[in-house]
Amino acid sequence: MARQSVVIRLAGESGEGVISSGDILTQAAARGGYWTQTFRTYPAEIKGGPCMYQVRMGQERIHSHGKDVDLLVVFNQEGWDLHWDSLADDGVILYDATSVEIPADFQSRARPVRMEQLAKEIGGSSRAKNMVAVGSVCGVIAFDTTPIEELVLRRYAHKEGVADANIAALQAGKDESADLKGSLEITHPVESEEDRVLMSGNQAIALGAIAAGLEYFGGYPITPASDILEWLSAKLPATGGITVQCEDEIASLASVIGASYAGKKSATATSGPGLSLMSELLGYAGTAEIPCVIIDAQRGGPSTGLPTKTEQSDLNHALYGGHGEAPRVVIAPTSVEDCFWATVDAFNYAERFQVPVIVLTDQGLATRMEVIAKPDLSKVEQWPRKTAKDANGEYKRYELGGDDISPMGIPGEEGGQYVATGIEHDELGHPAYTPHNHVLMQNKRWNKLEPLKNGAARHVQIGDAQPEIAIVGFGSTFGAVREAVERAQADGLSVGAFYPRVLGPFPAGKVAEFTAKAKHVLVPEVNFTGQLARLIKAETTGIDLESKAKCDGLPFTAEDIHDMITEAAR
Amino acid sequence: MSTAPATRKPNDYKSDLKPIWCPGCGDFGVLASLYRAFAQMNLDPVNTVVVSGIGCSSRLPGFVSTYGVHTLHGRALPVAMGVKLANPELTVVAVGGDGDGFAIGAGHFPHAARRNVDITYLVMDNEIYGLTKGQVSPTSLTDQKAPSTPWGNLETPLNTLGFAIASGATFVARGASFNTKTLTELIVQAVEHKGFSYIDAMSPCVMFNNHQEEWKELVTDVAPDHDSADKVAAFDLALKGGFKLGILYRELRPTLGDKYDALLERTPDSDAAAMLDAFSARKGVAIGKPVA
């Protein structure tokens with residue numbers, strides 16, 4: 001019987017075609033009308049070290065990367081040694097014929113593939129090894145290779161011989177696994193006219209930023225956020241905006257603040273170490289009330305940590321980082337699709353509330369490729385900033401009262417002159433240290449964010465509205481949770497999940513309402529200390545939650561979450 | 001459109017805040033020179049931004065009626081770059097002290113210079129930390145006794161003029177707070193210069209490092225036959241030290257803004273819709289490359 005979805009894992013040495021094979025499969029699957037999601041691990045070094053690329057594809061929307069491997073493709077012995085225990089009970093193995101030995105108990109479902117040999121015979125070099133590997137996979141899952149051939153022809157449109165060699169390698173690979181043909185046959189997708197796109201979280205963020213009206217981007221290379229700097233450097237000038245690769249993360253955010261002061265929508269992107277360096281400026285932007293967007297693609301910490309692994313351990317830093325108490329907004333997208341929309345929201349919150357906004361993704365979400373519904377650009381709103389021309393009568397940059405959002409003069413704007421400063425200031429922006437004034441200004445800076453607590457922010461809720469088993473999480477874990485909740489509901493359990501997209505200011509009332517009837521409140525997150533669990537405890541009363549924090553550098557699978565739910569239900 | 005007078009006076013650039021500096025502080029002379037230079041150029045306050053870091057001298061934007069950004073310690077230059085790149089029509093002048101610019105902020109200086117961002121950086125150099133009450137700075141003399149160096153400064157002072165030339169600044173000059181005529185002229189030339197202009201303005205701290213009388217004795221003008229286009233001669237002048245007031249070095253090189261203008265000019269227009277289309281799952285993207 002054909003399967004609804006399959007999990008394919010490619011494993012081997014970095015630099016020998018694992019990643020390119022995974023990319024080809026992913027793109028071909030997307031082109032063939034399948035929903036897909038990928039998951040990669042790779043070493044922090046440029047060349048060498050074990051790497052892994054997992055592709056899950058299916059006819060229905062895929063929300064998580066899957067757990068048990070249906071088809072394991074190993075390029076070297078280490079690939080086998082590291083991954084054999086992830087195989088499903090009926091999982092199939094394809095392995096490089098010359099470098100891998102498979103134990104006897106697995107041989108009935110394993111087939112050697114002459115990756116290197118066939119590539120050399122056909123193309124004269126081992127370069128087409130990846131195509132042989134991809135071909136062997138296509139045979140097993142009964143995947144029509146036409147989309148791959150089309151892609152190859154496009155890629156090598158000007159190099160006829162190369163295209164032919166690649167297609168020949170693909171077919172030769174398919175022949176290699178001929179006797180397993182269709183053993184993991186996947187259900188063909190229903191023809192759909194729906195527009196879909198294939199992209200990573202980082203790409204969705206970069207596109208979201210452009211759709212939101214980004215005009216200036218300052219950044220500094222750091223794993224796993226560099227893609228955003230690179231992609232925007234290539235694309236932003238086409239919209240009239242510019243990117244600058246700065247000398248460090250401090251200069252990145254400083255230049256962003258400068259550009260925003262001058263009236264441009266501005267952003268930077270970094271990871272934990274960069275966010276640490278930006279902390280002082282984050283406080284500045286909060287105090288001087290200068291809009292800016294900071295993308296934090298979290299990675300394993302602390303310190304240099306695990307640069308190529310995932311973690312959700314910057315939540316505390318995003319919420320509280322920096323001295324004093326400076327307001328900021330923290331928003332955590334829940335999927336690749338939401339990376340786009342959360343970034344649009346981030347710019348709108350920044351501009352409307354004149355505040356720094358941190359978008360928290362992580363390595364898993366930032367680098368995974370996902371087929372998503374094409375974002376509908378007609379739904380993108382661009383909220384304007386209140387400027388000096390919006391002042392009532394006398395212009396006061398930090399005017400008190402009303403909604404606490406005061407008019408921000410933009411250089412070039414008549415009568416809007418003021419000095420932005422991190423020193424405590426009065427309504428005119430003049431330094432002012434009186435106790436009374438400080439109280440007024442702290443109230444102003446924090447109170448203006450109240451609407452985000454009370455309805456202006458969009459959150460995500462699935463399953464029962466007030467379930468017995470309630471899951472509260474944030475960010476990238478949502479896909480696995482969504483899948484697990486759907487399965488547990490099908491099991492007949494009362495279960496649901498609430499994902500605050502805006503974590504600061506924290507929607508305590510909504511969390512309390514959601515968990516009101518819960519016998520179990522589970523809080524899964526990828527960090528050591530249970531940062532969200534602590535946040536919920538600090539912001540609410542009477543919720544007896546169970547922290548499910550883990551810090552192995554890997555994302556949760558739907559099975560992990562389903563196990564948690566099942567255990568709670570017992 | 002400005003409604004201000006067509007010809008502005010130095011007083012037109014005064015804000016309603018009074019400087020908080022100690023009586024006799026060199027920074028008064030620098031501020032007076034800045035007002036005069038702005039008036040001489042008739043800068044529109046609405047299109048002028050003065051950016052500073054933290055320190056006594058960095059309070060200067062508050063005393064000027066233009067737009068201003070009083071940033072963090074050491075961060076005037078990257079903020080100023082952001083302002084200028086965001087709106088090239090603006091005149092952007094960054095100001096600050098020697099500690100701000102050459103200790104905590106030193107990591108930004110060579111990059112602003114080599115990028116040739118079209119801004120002016122005016123450093124009020126008193127060779128001391130004034131606001132924190134007299135500790136040595138990167139430009140303090142060796143053996144100088146100060147609260148944090150009771151045994152005498154063990155370090156060698158930084159030659160900021162040489163640093164500026166080596167970093168690729170396209171306008172390098174020295175002025176002094178007690179010679180406002182020359183300093184005013186230098187500021188005018190620096191602001192009118194297309195590119196990154198650096199002025200080291202000797203500006204004595206009367207409280208903690210008062211070299212005023214000594215400096216007044218020592219300063220002379222840069223020799224009239226000095227060729228400011230000659231980088232080697234400029235280095236020579238900078239490295240010899242001394243107290244030469246005037247322009248040491250000047251060259252014209254495309255600014256970072258010019259480079260971006262050219263980049264934008266040659267980049268075909270596109271928008272989010274077209275970019276999103278390139279990710280279409282149906283169309284697919286070229287194999288062998290990550291999606292770009």
# chains A, B, ... in the order shown; residues from 1 in each chain; ligands from 1
>>> select_by_dssp(residues="region 120-195 of chain B", states="alpha helix (DSSP H)", output="count of residues only")
21
>>> residues_around(residues="Gly305 (chain A)", least_positions_apart="3", cutoff="10 Å", atoms="only C-alpha atoms", output="list in words")
Gly272, Pro273, Arg299, Gly300, Gly301, Pro302, Thr308, Lys309 and Gly553 of chain A
>>> select_by_dssp(residues="region 283-521 of chain A", states="strand (DSSP E)", output="ChimeraX atom specification")
/A:292-298,329-331,356-362,369-373,419-421,460-463,469-472,495-499,502-504,520-521
>>> write_last_selection(atoms="C-alpha atoms", output="PDB file, in the first residue's frame")
ATOM      1  CA  CYS A 292      14.127  48.718  14.582  1.00  0.00           C
ATOM      2  CA  VAL A 293      13.826  45.022  13.839  1.00  0.00           C
ATOM      3  CA  ILE A 294      16.373  42.481  15.064  1.00  0.00           C
ATOM      4  CA  ILE A 295      16.202  38.924  13.769  1.00  0.00           C
ATOM      5  CA  ASP A 296      17.771  36.414  16.168  1.00  0.00           C
ATOM      6  CA  ALA A 297      18.253  32.987  14.588  1.00  0.00           C
ATOM      7  CA  GLN A 298      19.084  31.220  17.834  1.00  0.00           C
ATOM      8  CA  VAL A 329       8.696  43.455  21.658  1.00  0.00           C
ATOM      9  CA  VAL A 330       9.591  39.788  21.175  1.00  0.00           C
ATOM     10  CA  ILE A 331       7.845  37.770  18.497  1.00  0.00           C
ATOM     11  CA  PRO A 356      12.912  47.548  18.972  1.00  0.00           C
ATOM     12  CA  VAL A 357      11.300  44.268  17.938  1.00  0.00           C
ATOM     13  CA  ILE A 358      13.165  40.970  18.192  1.00  0.00           C
ATOM     14  CA  VAL A 359      12.111  38.106  15.937  1.00  0.00           C
ATOM     15  CA  LEU A 360      13.153  34.819  17.541  1.00  0.00           C
ATOM     16  CA  THR A 361      13.758  31.937  15.182  1.00  0.00           C
ATOM     17  CA  ASP A 362      16.330  29.199  15.596  1.00  0.00           C
ATOM     18  CA  MET A 369      13.246  24.127   3.636  1.00  0.00           C
ATOM     19  CA  GLU A 370       9.504  23.888   3.575  1.00  0.00           C
ATOM     20  CA  VAL A 371       6.800  23.910   0.947  1.00  0.00           C
ATOM     21  CA  ILE A 372       4.290  26.478   2.120  1.00  0.00           C
ATOM     22  CA  ALA A 373       1.233  28.213   0.749  1.00  0.00           C
ATOM     23  CA  VAL A 419      18.086  65.133  20.090  1.00  0.00           C
ATOM     24  CA  ALA A 420      17.496  61.414  20.481  1.00  0.00           C
ATOM     25  CA  THR A 421      19.178  60.273  23.670  1.00  0.00           C
ATOM     26  CA  VAL A 460      -1.802  30.560  17.480  1.00  0.00           C
ATOM     27  CA  GLN A 461      -4.173  28.100  19.084  1.00  0.00           C
ATOM     28  CA  ILE A 462      -5.079  24.598  17.934  1.00  0.00           C
ATOM     29  CA  GLY A 463      -7.097  21.696  19.277  1.00  0.00           C
ATOM     30  CA  ILE A 469      -3.918  18.403  28.298  1.00  0.00           C
ATOM     31  CA  ALA A 470      -2.690  21.840  27.405  1.00  0.00           C
ATOM     32  CA  ILE A 471       0.558  22.528  25.613  1.00  0.00           C
ATOM     33  CA  VAL A 472       2.104  25.984  25.719  1.00  0.00           C
ATOM     34  CA  VAL A 495      -5.751  18.230  23.984  1.00  0.00           C
ATOM     35  CA  GLY A 496      -4.770  21.583  22.559  1.00  0.00           C
ATOM     36  CA  ALA A 497      -1.841  23.938  22.130  1.00  0.00           C
ATOM     37  CA  PHE A 498      -1.433  27.660  22.588  1.00  0.00           C
ATOM     38  CA  TYR A 499       1.531  29.420  21.012  1.00  0.00           C
ATOM     39  CA  VAL A 502       4.231  37.767  20.862  1.00  0.00           C
ATOM     40  CA  LEU A 503       6.070  36.750  24.033  1.00  0.00           C
ATOM     41  CA  GLY A 504       6.854  40.229  25.230  1.00  0.00           C
ATOM     42  CA  HIS A 520      -1.725  18.898  32.632  1.00  0.00           C
ATOM     43  CA  VAL A 521       0.083  21.910  31.242  1.00  0.00           C
TER      44      VAL A 521
END
>>> closest_atom_pairs(of="chain B", to="chain A", cutoff="6 Å", atoms="only C-alpha atoms", output="CSV")
residue,atom,partner,partner_atom,distance
B:Val46,CA,A:Gly412,CA,5.1
B:Asn47,CA,A:Gly412,CA,4.8
B:Thr66,CA,A:Gln417,CA,5.9
B:Tyr67,CA,A:Gln417,CA,4.6
B:Gly68,CA,A:Val419,CA,4.2
B:Val69,CA,A:Ala420,CA,4.7
B:His70,CA,A:Thr421,CA,4.8
B:Pro78,CA,A:Ser255,CA,4.9
B:Val79,CA,A:Gly258,CA,4.3
B:Gly82,CA,A:Ser255,CA,4.0
B:Val83,CA,A:Gly258,CA,4.5
B:Ala86,CA,A:Ala259,CA,4.9
B:Leu264,CA,A:Pro237,CA,5.7
B:Thr267,CA,A:Ala238,CA,5.6
B:Pro268,CA,A:Ala238,CA,5.8
B:Asp269,CA,A:Ala238,CA,4.6
B:Ser270,CA,A:Ala238,CA,5.0
B:Asp271,CA,A:Thr239,CA,5.9
B:Ala272,CA,A:Ala211,CA,5.4
B:Phe279,CA,A:Val197,CA,5.1
B:Ser280,CA,A:Val197,CA,4.3
B:Ala281,CA,A:Val197,CA,4.6
B:Arg282,CA,A:Arg31,CA,4.5
B:Gly284,CA,A:Arg31,CA,5.7
B:Ala286,CA,A:Arg155,CA,4.8
B:Ile287,CA,A:Arg155,CA,5.8
B:Gly288,CA,A:Ser20,CA,5.9
>>> closest_residue(among="B:Thr48, B:Thr156, B:Ser177, B:Thr132", to="Cys25 (chain B)", atoms="only C-alpha atoms")
B:Ser177
>>> atom_distance(atom1="CA of Lys14 (chain B)", atom2="CA of Ile290 (chain A)")
24.8 Å
>>> atom_distance(atom1="CA of Asp277 (chain B)", atom2="CA of Lys159 (chain A)")
25.5 Å
>>> atom_distance(atom1="CA of Ala274 (chain B)", atom2="CA of Asp338 (chain A)")
19.7 Å
>>> residues_around(residues="Pro291 (chain A)", least_positions_apart="2", cutoff="7 Å", atoms="only C-alpha atoms", output="ChimeraX atom specification")
/A:260,289,350-351,354-356
>>> closest_residue(among="B:Thr255, B:Ser65, B:Gln212, B:Thr160", to="Gly195 (chain B)", atoms="only C-alpha atoms")
B:Thr255
>>> closest_residue(among="A:Val6, A:Leu277, A:Leu94, A:Met408", to="Lys67 (chain A)", atoms="only C-alpha atoms")
A:Val6
>>> closest_residue(among="B:Ile119, B:Leu245, B:Val49, B:Ile20", to="Leu218 (chain B)", atoms="only C-alpha atoms")
B:Leu245
>>> residues_around(residues="Thr187 (chain A)", least_positions_apart="2", cutoff="7 Å", atoms="only C-alpha atoms", output="list of chain:residue names")
A:Ala2, A:Arg3, A:Gln4, A:Gln59, A:Glu185, A:Pro189
>>> write_last_selection(atoms="C-alpha atoms", output="PDB file, in the first residue's frame")
ATOM      1  CA  ALA A   2       1.320   3.391  -0.898  1.00  0.00           C
ATOM      2  CA  ARG A   3       2.383   5.666   1.941  1.00  0.00           C
ATOM      3  CA  GLN A   4       1.069   9.131   2.670  1.00  0.00           C
ATOM      4  CA  GLN A  59       0.671  14.357  -0.321  1.00  0.00           C
ATOM      5  CA  GLU A 185       5.813   3.824  -2.886  1.00  0.00           C
ATOM      6  CA  PRO A 189      -0.251  14.150  -4.716  1.00  0.00           C
TER       7      PRO A 189
END
>>> closest_residue(among="A:Ala533, A:Leu232, A:Leu180, A:Leu10", to="Glu546 (chain A)", atoms="only C-alpha atoms")
A:Ala533
>>> residues_around(residues="region 238-240 of chain B", least_positions_apart="4", cutoff="8 Å", atoms="only C-alpha atoms", output="short mmCIF file (atom, residue, chain, number, x, y, z; two decimals) with all heavy atoms, in the first residue's frame")
data_model
loop_
_atom_site.label_atom_id
_atom_site.label_comp_id
_atom_site.auth_asym_id
_atom_site.auth_seq_id
_atom_site.Cartn_x
_atom_site.Cartn_y
_atom_site.Cartn_z
N ASN B 159 48.46 57.86 17.91
CA ASN B 159 48.58 58.97 16.97
C ASN B 159 47.34 58.95 16.08
O ASN B 159 47.26 58.23 15.10
CB ASN B 159 49.85 58.78 16.14
CG ASN B 159 50.12 59.96 15.22
OD1 ASN B 159 49.20 60.49 14.59
ND2 ASN B 159 51.36 60.37 15.16
N LEU B 161 46.00 61.11 14.09
CA LEU B 161 46.10 61.64 12.72
C LEU B 161 46.71 60.58 11.80
O LEU B 161 46.23 60.36 10.69
CB LEU B 161 46.95 62.91 12.72
CG LEU B 161 46.32 64.07 13.51
CD1 LEU B 161 47.37 65.14 13.81
CD2 LEU B 161 45.15 64.67 12.75
N GLY B 162 47.75 59.90 12.29
CA GLY B 162 48.35 58.82 11.51
C GLY B 162 47.37 57.68 11.31
O GLY B 162 47.27 57.10 10.23
N ALA B 234 51.98 63.75 4.33
CA ALA B 234 50.96 63.87 5.38
C ALA B 234 51.29 62.95 6.55
O ALA B 234 51.20 63.34 7.72
CB ALA B 234 49.58 63.53 4.81
N LEU B 248 46.22 68.24 6.94
CA LEU B 248 47.38 67.40 6.67
C LEU B 248 47.21 66.62 5.37
O LEU B 248 48.15 66.43 4.62
CB LEU B 248 47.59 66.38 7.82
CG LEU B 248 48.30 66.90 9.06
CD1 LEU B 248 47.43 67.86 9.83
CD2 LEU B 248 48.75 65.73 9.93
#
>>> residues_around(residues="Arg534 (chain A)", least_positions_apart="5", cutoff="10 Å", atoms="only C-alpha atoms", output="ChimeraX atom specification")
/A:316,523,529,539,545,547
>>> closest_residue(among="B:Gly96, B:Glu155, B:Val191, B:His108", to="Asn42 (chain B)", atoms="only C-alpha atoms")
B:Val191
>>> residues_around(residues="Ala558 (chain A)", least_positions_apart="3", cutoff="9 Å", atoms="only C-alpha atoms", output="list in words")
His63, Ser64, His65, Gly66, Lys67, Gly479, Ala480, Val481, Arg482, Glu483, Ala484, Val485, Ile561, His562 and Asp563 of chain A
